[in-house]
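Raw my_file.cif, mmCIF, C-alpha atoms:
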```cif
data_coords
#
loop_
_atom_site.label_atom_id
_atom_site.label_comp_id
_atom_site.auth_asym_id
_atom_site.auth_seq_id
_atom_site.Cartn_x
_atom_site.Cartn_y
_atom_site.Cartn_z
CA MET A 1 10.57 55.52 -10.93
CA THR A 2 13.43 57.87 -10.09
CA SER A 3 16.60 58.36 -12.11
CA ILE A 4 19.67 60.54 -11.51
CA HIS A 5 21.71 62.13 -14.29
CA ARG A 6 24.67 64.44 -14.53
CA LEU A 7 24.68 67.27 -17.09
CA SER A 8 27.82 68.11 -19.04
CA ASN A 9 28.67 70.91 -16.57
CA GLY A 10 28.16 68.81 -13.43
CA ILE A 11 24.61 69.84 -12.60
CA THR A 12 22.78 66.98 -10.87
CA LEU A 13 19.40 66.17 -12.41
CA VAL A 14 16.92 63.97 -10.58
CA MET A 15 13.79 62.87 -12.46
CA GLU A 16 10.83 61.03 -10.98
CA GLU A 17 8.22 59.80 -13.43
CA MET A 18 4.64 59.70 -12.12
CA PRO A 19 2.76 58.58 -15.25
CA TYR A 20 -0.63 58.49 -13.52
CA LEU A 21 -0.52 62.31 -13.17
CA LYS A 22 -1.37 64.96 -15.75
CA SER A 23 0.93 67.56 -14.22
CA ALA A 24 4.64 68.13 -13.66
CA ALA A 25 6.83 70.19 -11.34
CA PHE A 26 10.27 71.57 -12.15
CA GLY A 27 12.73 73.08 -9.68
CA VAL A 28 16.27 74.44 -9.69
CA TRP A 29 18.00 74.25 -6.30
CA VAL A 30 21.14 76.35 -5.76
CA ARG A 31 23.38 75.67 -2.75
CA VAL A 32 23.61 79.30 -1.64
CA GLY A 33 21.74 81.50 0.82
CA SER A 34 22.27 84.16 3.45
CA ALA A 35 24.73 81.89 5.31
CA ASN A 36 27.13 82.42 2.38
CA GLU A 37 27.10 86.20 2.75
CA ASP A 38 29.17 88.63 4.79
CA GLU A 39 28.64 92.00 6.45
CA THR A 40 29.12 93.84 3.14
CA ASN A 41 26.52 91.99 1.10
CA ASN A 42 23.94 90.55 3.53
CA GLY A 43 20.71 90.19 1.54
CA ILE A 44 22.33 89.67 -1.87
CA ALA A 45 21.18 86.03 -2.32
CA HIS A 46 17.59 87.11 -1.68
CA MET A 47 17.98 90.11 -4.00
CA ILE A 48 19.24 87.87 -6.83
CA GLU A 49 16.16 85.68 -6.43
CA HIS A 50 13.93 88.77 -6.81
CA MET A 51 15.86 90.14 -9.78
CA MET A 52 15.59 86.87 -11.72
CA PHE A 53 11.95 87.76 -12.39
CA LYS A 54 12.65 91.30 -13.65
CA GLY A 55 13.64 90.53 -17.23
CA THR A 56 16.14 88.70 -19.42
CA LYS A 57 17.70 89.26 -22.83
CA ASN A 58 14.69 87.49 -24.31
CA ARG A 59 11.76 88.35 -22.01
CA THR A 60 10.59 91.28 -19.94
CA GLY A 61 9.40 90.65 -16.40
CA LYS A 62 5.80 90.94 -17.62
CA GLN A 63 6.44 88.46 -20.43
CA ILE A 64 7.77 85.92 -17.91
CA ALA A 65 4.56 86.28 -15.89
CA ASP A 66 2.31 86.29 -18.99
CA GLU A 67 3.90 83.20 -20.55
CA MET A 68 3.37 81.21 -17.37
CA ALA A 69 -0.20 82.48 -17.04
CA ARG A 70 -0.91 81.54 -20.68
CA ILE A 71 -0.15 77.89 -19.90
CA GLY A 72 -1.96 78.04 -16.56
CA GLY A 73 1.27 77.39 -14.67
CA ASN A 74 2.71 78.77 -11.46
CA ILE A 75 6.27 80.06 -11.15
CA ASN A 76 7.90 81.16 -7.92
CA ALA A 77 11.11 81.13 -5.88
CA PHE A 78 12.42 81.37 -2.34
CA THR A 79 15.68 82.07 -0.55
CA SER A 80 16.63 80.38 2.72
CA LYS A 81 19.74 80.53 4.86
CA GLU A 82 21.45 77.72 2.91
CA CYS A 83 19.73 77.45 -0.48
CA THR A 84 17.79 79.27 -3.19
CA SER A 85 15.11 77.60 -5.28
CA TYR A 86 13.29 78.52 -8.51
CA TYR A 87 10.34 76.32 -9.39
CA ALA A 88 7.26 75.93 -11.55
CA THR A 89 4.24 73.63 -11.69
CA THR A 90 2.14 73.12 -14.81
CA LEU A 91 0.27 70.59 -16.89
CA SER A 92 2.56 67.94 -18.36
CA GLN A 93 2.28 69.16 -21.96
CA HIS A 94 3.50 72.63 -20.90
CA LEU A 95 6.54 71.47 -18.92
CA PRO A 96 9.03 72.35 -21.73
CA ILE A 97 7.82 75.98 -21.69
CA ALA A 98 8.34 76.24 -17.92
CA ILE A 99 11.85 74.76 -18.28
CA ARG A 100 12.76 77.25 -21.02
CA ILE A 101 11.50 80.21 -18.97
CA ILE A 102 13.48 79.29 -15.85
CA GLY A 103 16.50 78.43 -18.03
CA ASP A 104 16.30 81.89 -19.59
CA MET A 105 16.08 83.49 -16.14
CA LEU A 106 19.18 81.73 -14.82
CA ASN A 107 21.24 82.25 -17.97
CA ASN A 108 20.15 85.63 -19.31
CA SER A 109 18.81 87.87 -16.54
CA LEU A 110 19.73 91.51 -17.18
CA PHE A 111 19.90 92.87 -13.61
CA ASP A 112 18.94 96.23 -15.05
CA GLU A 113 20.01 99.11 -12.79
CA LYS A 114 16.61 100.84 -12.96
CA ALA A 115 14.79 97.61 -12.10
CA LEU A 116 17.32 96.98 -9.32
CA ARG A 117 16.55 100.35 -7.72
CA LYS A 118 12.82 99.61 -7.79
CA GLU A 119 13.25 96.13 -6.36
CA LYS A 120 15.34 97.45 -3.47
CA SER A 121 12.26 99.43 -2.38
CA VAL A 122 10.16 96.25 -2.53
CA ILE A 123 12.71 94.33 -0.45
CA ILE A 124 12.89 97.11 2.14
CA GLU A 125 9.10 96.90 2.44
CA GLU A 126 9.51 93.16 2.96
CA ILE A 127 12.06 93.78 5.74
CA ASP A 128 9.59 96.16 7.42
CA MET A 129 6.88 93.51 7.08
CA TYR A 130 9.01 91.03 9.05
CA GLU A 131 9.64 93.71 11.66
CA ASP A 132 5.87 94.16 12.01
CA SER A 133 5.31 90.42 12.52
CA SER A 134 6.01 89.87 16.20
CA GLU A 135 6.01 86.08 15.80
CA ASP A 136 8.70 86.24 13.09
CA LEU A 137 10.61 88.89 14.99
CA ALA A 138 10.81 86.77 18.16
CA HIS A 139 12.32 83.95 16.08
CA GLU A 140 14.72 86.16 14.12
CA LEU A 141 15.99 88.01 17.18
CA LEU A 142 16.98 84.73 18.79
CA GLN A 143 18.84 83.41 15.76
CA GLN A 144 20.65 86.71 15.26
CA ARG A 145 21.85 86.85 18.86
CA ILE A 146 22.49 83.14 19.42
CA TRP A 147 24.74 83.03 16.34
CA LYS A 148 25.99 86.59 16.71
CA GLY A 149 28.77 87.40 14.25
CA HIS A 150 28.10 84.29 12.15
CA PRO A 151 26.33 84.46 8.74
CA LEU A 152 23.80 81.83 9.85
CA GLY A 153 22.38 84.49 12.15
CA TYR A 154 21.86 87.00 9.34
CA MET A 155 18.38 88.00 8.18
CA ILE A 156 17.69 86.35 4.81
CA SER A 157 16.24 89.60 3.46
CA GLY A 158 19.28 91.51 4.72
CA LYS A 159 19.78 94.83 6.48
CA LYS A 160 18.25 97.92 4.90
CA THR A 161 21.50 99.89 4.94
CA ILE A 162 23.31 97.07 3.10
CA VAL A 163 20.47 96.31 0.69
CA ARG A 164 20.44 99.93 -0.48
CA LYS A 165 24.15 99.72 -1.40
CA ILE A 166 24.22 96.41 -3.32
CA ASN A 167 25.02 96.98 -6.99
CA LYS A 168 24.99 95.02 -10.23
CA ASP A 169 28.72 94.22 -10.11
CA GLN A 170 28.33 92.66 -6.66
CA ILE A 171 25.39 90.58 -7.92
CA LEU A 172 27.29 89.29 -10.95
CA ASP A 173 30.34 88.49 -8.82
CA PHE A 174 28.20 86.61 -6.26
CA MET A 175 26.49 84.62 -9.00
CA ASP A 176 29.83 83.86 -10.62
CA SER A 177 30.93 82.35 -7.29
CA TYR A 178 27.87 80.27 -6.44
CA TYR A 179 25.58 79.78 -9.46
CA THR A 180 27.74 76.98 -10.87
CA GLY A 181 27.13 73.41 -11.96
CA GLU A 182 28.64 71.86 -8.84
CA ASN A 183 26.24 73.91 -6.67
CA ILE A 184 23.03 73.18 -8.59
CA VAL A 185 20.48 70.38 -8.41
CA ILE A 186 17.55 70.24 -10.83
CA SER A 187 14.54 68.19 -9.78
CA ILE A 188 11.59 67.17 -11.95
CA ALA A 189 8.58 65.09 -10.95
CA GLY A 190 5.32 64.22 -12.65
CA SER A 191 4.26 62.92 -16.04
CA PHE A 192 6.79 63.60 -18.83
CA ASN A 193 9.01 61.95 -21.43
CA GLN A 194 12.39 61.39 -19.75
CA ARG A 195 14.47 61.34 -22.93
CA GLU A 196 12.95 64.54 -24.34
CA ILE A 197 13.13 66.44 -21.05
CA LEU A 198 16.71 65.32 -20.35
CA SER A 199 17.76 66.69 -23.75
CA LEU A 200 15.91 69.97 -23.13
CA VAL A 201 17.41 70.45 -19.65
CA GLU A 202 20.91 69.90 -21.06
CA GLU A 203 20.19 72.46 -23.78
CA GLU A 204 18.90 75.08 -21.33
CA PHE A 205 21.19 74.55 -18.34
CA GLY A 206 24.30 72.83 -19.73
CA LYS A 207 25.81 76.22 -20.59
CA ILE A 208 26.04 77.28 -16.92
CA LYS A 209 29.66 77.39 -15.76
CA ALA A 210 30.74 74.13 -14.09
CA LYS A 211 32.88 75.59 -11.29
CA SER A 212 33.87 78.93 -9.87
CA THR A 213 37.41 80.17 -10.48
CA LYS A 214 37.34 81.80 -7.03
CA LEU A 215 38.35 80.09 -3.80
CA ILE A 216 35.10 79.88 -1.85
CA LYS A 217 35.58 79.56 1.91
CA SER A 218 32.81 77.75 3.74
CA PRO A 219 31.63 79.48 6.91
CA ASP A 220 32.95 78.07 10.18
CA LYS A 221 30.59 76.07 12.38
CA PRO A 222 28.53 78.59 14.39
CA ARG A 223 28.85 78.61 18.16
CA TYR A 224 25.74 78.71 20.35
CA HIS A 225 25.53 81.71 22.73
CA LYS A 226 23.02 81.76 25.58
CA VAL A 227 21.06 85.03 25.26
CA VAL A 228 18.02 86.98 26.45
CA CYS A 229 16.49 89.30 23.83
CA LYS A 230 13.77 91.91 24.43
CA ARG A 231 11.93 94.15 21.98
CA ASN A 232 9.28 96.49 23.34
CA LYS A 233 6.29 96.94 21.00
CA ASP A 234 2.96 98.61 21.72
CA ILE A 235 0.79 95.59 20.94
CA GLU A 236 -1.79 93.59 22.85
CA GLN A 237 -0.01 90.24 22.98
CA LEU A 238 3.41 89.24 24.24
CA HIS A 239 5.33 86.83 22.00
CA ILE A 240 8.03 84.61 23.47
CA ASN A 241 10.43 82.22 21.83
CA ILE A 242 12.60 79.88 23.87
CA ALA A 243 15.49 78.11 22.11
CA PHE A 244 17.88 75.28 22.92
CA ASP A 245 21.08 74.27 21.17
CA GLY A 246 20.06 71.59 18.67
CA ILE A 247 21.20 69.27 15.90
CA SER A 248 22.11 69.39 12.22
CA TYR A 249 19.76 68.01 9.57
CA LEU A 250 22.52 65.49 8.85
CA SER A 251 22.41 64.07 12.39
CA ASP A 252 21.21 60.50 12.89
CA GLU A 253 19.15 61.85 15.79
CA ARG A 254 16.88 63.89 13.51
CA PHE A 255 14.25 61.15 13.68
CA THR A 256 14.30 61.21 17.47
CA LEU A 257 13.87 64.99 17.29
CA SER A 258 10.81 64.56 15.04
CA VAL A 259 9.18 62.20 17.53
CA LEU A 260 10.07 64.34 20.55
CA ASN A 261 8.86 67.53 18.88
CA CYS A 262 5.54 66.00 17.84
CA ILE A 263 4.85 64.78 21.37
CA PHE A 264 6.03 67.92 23.13
CA GLY A 265 4.63 70.77 21.05
CA GLY A 266 4.47 69.99 17.35
CA SER A 267 0.80 69.01 17.06
CA VAL A 268 -2.65 69.87 18.42
CA ASN A 269 -2.59 66.86 20.73
CA SER A 270 0.89 67.72 22.03
CA ARG A 271 1.59 68.31 25.70
CA LEU A 272 2.20 72.05 25.41
CA PHE A 273 -0.94 72.67 23.35
CA GLN A 274 -3.23 70.50 25.47
CA LYS A 275 -1.95 71.63 28.89
CA ILE A 276 -1.33 75.35 28.36
CA ARG A 277 -3.81 76.29 25.64
CA GLU A 278 -6.66 73.81 26.00
CA ASP A 279 -6.67 73.01 29.73
CA GLU A 280 -5.59 76.41 31.11
CA GLY A 281 -6.55 78.76 28.25
CA LEU A 282 -3.39 80.82 28.83
CA THR A 283 -2.28 81.23 25.21
CA TYR A 284 -3.89 81.50 21.81
CA SER A 285 -0.88 79.94 20.10
CA ILE A 286 1.83 77.65 21.46
CA TYR A 287 4.01 75.13 19.66
CA SER A 288 7.54 73.78 19.35
CA TYR A 289 9.62 73.32 16.21
CA GLY A 290 13.15 72.58 15.07
CA SER A 291 15.28 74.70 12.76
CA SER A 292 18.14 72.55 11.50
CA TYR A 293 21.02 73.46 9.20
CA LYS A 294 24.10 71.76 7.82
CA ASP A 295 26.30 72.25 10.89
CA THR A 296 23.92 73.05 13.71
CA GLY A 297 20.34 73.67 14.73
CA LEU A 298 17.95 74.93 17.38
CA LEU A 299 14.87 73.55 19.10
CA HIS A 300 12.30 76.31 19.64
CA ILE A 301 9.19 76.82 21.76
CA TYR A 302 6.91 79.69 20.74
CA ALA A 303 3.92 81.14 22.60
CA ALA A 304 1.72 84.24 22.33
CA MET A 305 -0.22 85.47 25.37
CA ASN A 306 -1.54 88.38 27.38
CA PRO A 307 1.55 90.04 28.95
CA ASN A 308 0.08 89.48 32.43
CA GLN A 309 0.24 85.71 31.89
CA LYS A 310 3.93 85.69 30.97
CA ASP A 311 5.37 84.27 34.20
CA MET A 312 2.69 81.61 34.50
CA VAL A 313 3.12 80.46 30.89
CA ILE A 314 6.90 80.29 31.14
CA ASP A 315 6.67 78.38 34.42
CA MET A 316 4.27 75.89 32.84
CA ILE A 317 6.55 75.42 29.81
CA TYR A 318 9.51 74.77 32.11
CA ASN A 319 7.40 72.36 34.16
CA GLU A 320 6.43 70.41 31.02
CA ILE A 321 10.11 70.15 30.14
CA TYR A 322 10.84 68.87 33.65
CA GLN A 323 8.00 66.31 33.42
CA LEU A 324 9.23 65.12 30.03
CA LYS A 325 12.81 64.68 31.22
CA SER A 326 11.98 63.11 34.59
CA LYS A 327 9.05 60.86 33.63
CA GLY A 328 9.61 60.31 29.91
CA ILE A 329 6.79 59.38 27.55
CA THR A 330 4.35 56.49 27.44
CA LYS A 331 4.32 53.65 24.96
CA ASP A 332 0.90 54.81 23.72
CA GLU A 333 2.26 58.31 23.08
CA LEU A 334 5.14 56.87 21.08
CA ILE A 335 2.90 54.62 18.96
CA MET A 336 0.38 57.39 18.26
CA THR A 337 3.12 59.89 17.39
CA LYS A 338 4.82 57.51 14.98
CA GLU A 339 1.50 57.01 13.18
CA GLN A 340 1.05 60.79 12.95
CA ILE A 341 4.51 61.30 11.49
CA LYS A 342 4.17 58.39 9.05
CA THR A 343 0.84 59.75 7.82
CA GLU A 344 2.32 63.23 7.31
CA LEU A 345 5.29 61.77 5.42
CA ILE A 346 3.09 59.70 3.11
CA LEU A 347 0.56 62.47 2.45
CA GLY A 348 3.41 64.92 1.95
CA SER A 349 5.01 62.64 -0.64
CA GLU A 350 2.01 62.66 -2.94
CA GLY A 351 1.77 65.07 -5.86
CA ALA A 352 4.37 66.29 -8.35
CA ARG A 353 5.28 69.45 -6.44
CA ASN A 354 5.94 67.60 -3.18
CA ARG A 355 8.03 64.93 -4.89
CA MET A 356 10.06 67.55 -6.75
CA ASN A 357 10.73 69.40 -3.51
CA SER A 358 11.63 66.28 -1.57
CA ASN A 359 14.00 64.96 -4.23
CA GLY A 360 15.63 68.33 -4.81
CA LYS A 361 16.33 68.96 -1.12
CA SER A 362 17.50 65.39 -0.58
CA MET A 363 20.03 65.56 -3.43
CA LEU A 364 21.21 69.04 -2.45
CA ASN A 365 21.65 68.26 1.26
CA ARG A 366 22.59 64.57 1.24
CA GLY A 367 23.74 63.78 -2.27
CA ARG A 368 21.22 60.96 -2.57
CA ILE A 369 17.49 60.27 -2.63
CA VAL A 370 16.03 59.27 0.72
CA SER A 371 12.95 57.15 0.11
CA ILE A 372 9.72 57.33 2.09
CA ASN A 373 10.27 53.73 3.21
CA GLU A 374 13.70 54.64 4.60
CA LEU A 375 12.24 57.60 6.50
CA ILE A 376 9.45 55.48 7.94
CA ASP A 377 11.89 52.72 8.93
CA ASN A 378 14.00 55.26 10.83
CA ILE A 379 10.95 56.71 12.59
CA GLU A 380 9.91 53.19 13.63
CA LYS A 381 13.34 52.59 15.16
CA VAL A 382 13.00 55.49 17.64
CA SER A 383 12.57 54.06 21.15
CA LEU A 384 11.29 55.41 24.45
CA ASP A 385 14.88 55.55 25.72
CA ASP A 386 15.98 57.49 22.62
CA VAL A 387 13.41 60.21 23.28
CA ILE A 388 14.20 60.62 26.97
CA SER A 389 17.95 60.60 26.30
CA PHE A 390 17.54 63.30 23.65
CA ALA A 391 15.36 65.42 25.95
CA ASN A 392 17.86 65.19 28.80
CA ARG A 393 20.77 66.22 26.57
CA TYR A 394 19.16 69.02 24.58
CA LEU A 395 16.32 70.50 26.68
CA ASP A 396 18.84 72.06 29.05
CA LEU A 397 17.13 74.94 30.87
CA SER A 398 20.45 76.16 32.26
CA ASN A 399 21.58 76.81 28.69
CA SER A 400 18.32 78.00 27.14
CA SER A 401 17.81 81.32 25.38
CA ILE A 402 14.67 83.45 25.22
CA SER A 403 13.30 86.38 23.25
CA LEU A 404 10.32 88.51 24.25
CA VAL A 405 8.50 90.82 21.83
CA GLY A 406 5.57 92.97 22.90
CA ASN A 407 4.47 95.32 25.67
CA LEU A 408 7.20 94.74 28.24
CA LYS A 409 6.34 97.69 30.47
#
```
Please re-express this file's structure in structure tokens.
Amino acid sequence: MTSIHRLSNGITLVMEEMPYLKSAAFGVWVRVGSANEDETNNGIAHMIEHMMFKGTKNRTGKQIADEMARIGGNINAFTSKECTSYYATTLSQHLPIAIRIIGDMLNNSLFDEKALRKEKSVIIEEIDMYEDSSEDLAHELLQQRIWKGHPLGYMISGKKTIVRKINKDQILDFMDSYYTGENIVISIAGSFNQREILSLVEEEFGKIKAKSTKLIKSPDKPRYHKVVCKRNKDIEQLHINIAFDGISYLSDERFTLSVLNCIFGGSVNSRLFQKIREDEGLTYSIYSYGSSYKDTGLLHIYAAMNPNQKDMVIDMIYNEIYQLKSKGITKDELIMTKEQIKTELILGSEGARNRMNSNGKSMLNRGRIVSINELIDNIEKVSLDDVISFANRYLDLSNSSISLVGNLK
């Protein structure tokens, strides 16, 4: 049973009771990420997420970690382009402790200057780590160039030169703008007493400011630019990423995209995987995926191969796109794919952590809970004509972009 509440400061609270469990998951979702930054503070949303764990007025960073370990719980966080999330999973009887810890972090973090200097070094190491991952780099290069000049193209971890300059005043100002009641969704799922937990959440989070006094300008819709990106690296494999202009996660066609992606390259029985990896043995890894945001999105194809196979692999990918657009898909493919997606949705909806995540994202992005039954109904409605129409409109080779990372010599 799911219920939705509004705290005194406008924070949305969604609670899903799962009384058959002995665990619970708690998450705070903030509608802010790297897409809300500019050239002077790129990386600040991610830095705030890191600094939340470095100590509050009531707990040191070690005490935060020790208290969660004492109850056998897990606490973590992530920053994306459009949101930041802080979450914990624990046994049901320890849920109040997890709520108090995260409440303390969001209300009372110190952002100590010494700790900030240390954490900058950690984040710079993280930026270098992404640079060393050729698969991630091929993806990031494309998004940076395709949305050049727009915050959606920024690296979530930021640029090193900017990260080094971010100070405490900037952090507090950024939080004052975005960490407000109207921008926050709290999601809880598992076994717990609704009345007691509702009272505790109000006590811990009701003191957060309801709205910002600043005029916050939303970023303009990003414009897709056709690009070719190359990064020479002395490595054995060549990594390529091909991208097409795509759709928002709010689009009604997102279900068609799910079906198309699963058939084309999103599973081990997909066309790309079976033809290029299994039948021809030309790549170790090949798959397609969508990256969708509030106003736009991309449809990607990734592959890693011996550099000598590059032209053959790209030709085969383009040929599979041509075959998909000209001949469509079979009824058997559609039926099998729908069963795959439905199974993934149902399995992914089980467990407190998954339910907390699903409800939190749904409320943050859509302002309502989207049920599993609704998702399945929409998947079932996707027709053969829907898939071929989508492929013809979006898999446009004349407007595709590509990045290549590896030994290009």
### Task
For a cut-off of 10 Å around (19.2, 89.9, -5.5), file coordinates, pick out all residues using all atoms listed in the file and list them as a ChimeraX atom specification.
/A:43-52,79,111,116,119-120,123,157,163,166-168,170-172,174-175
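Applied to this file, the PyMOL selection byres ((chain A and resi 355) around 10) selects the residues Met15, Glu16, Glu17, Met18, Ala24, Ala25, Ser187, Ile188, Ala189, Gly190, Gly348, Ser349, Glu350, Gly351, Ala352, Arg353, Asn354, Met356, Asn357, Ser358, Asn359, Gly360 and Lys361 of chain A.
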#### Entry: Near-stretch 215-221 of chain A list (8 Å; only C-alpha atoms; drop same-chain fewer than 6 positions) as a PyMOL selection string
chain A and resi 35-36+150-151+177+295-296
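Of note, atom CA of A:Leu260 and atom CA of A:Ile276 are spaced 17.7 Å apart.
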### Message
I want to know what sits within 9 Å of A:Ile97, based on all atoms listed in the file, with residues of the same chain fewer than 6 positions away left out; could you give that as an NGL selection string?
### Response
:A and (67-68 or 71)
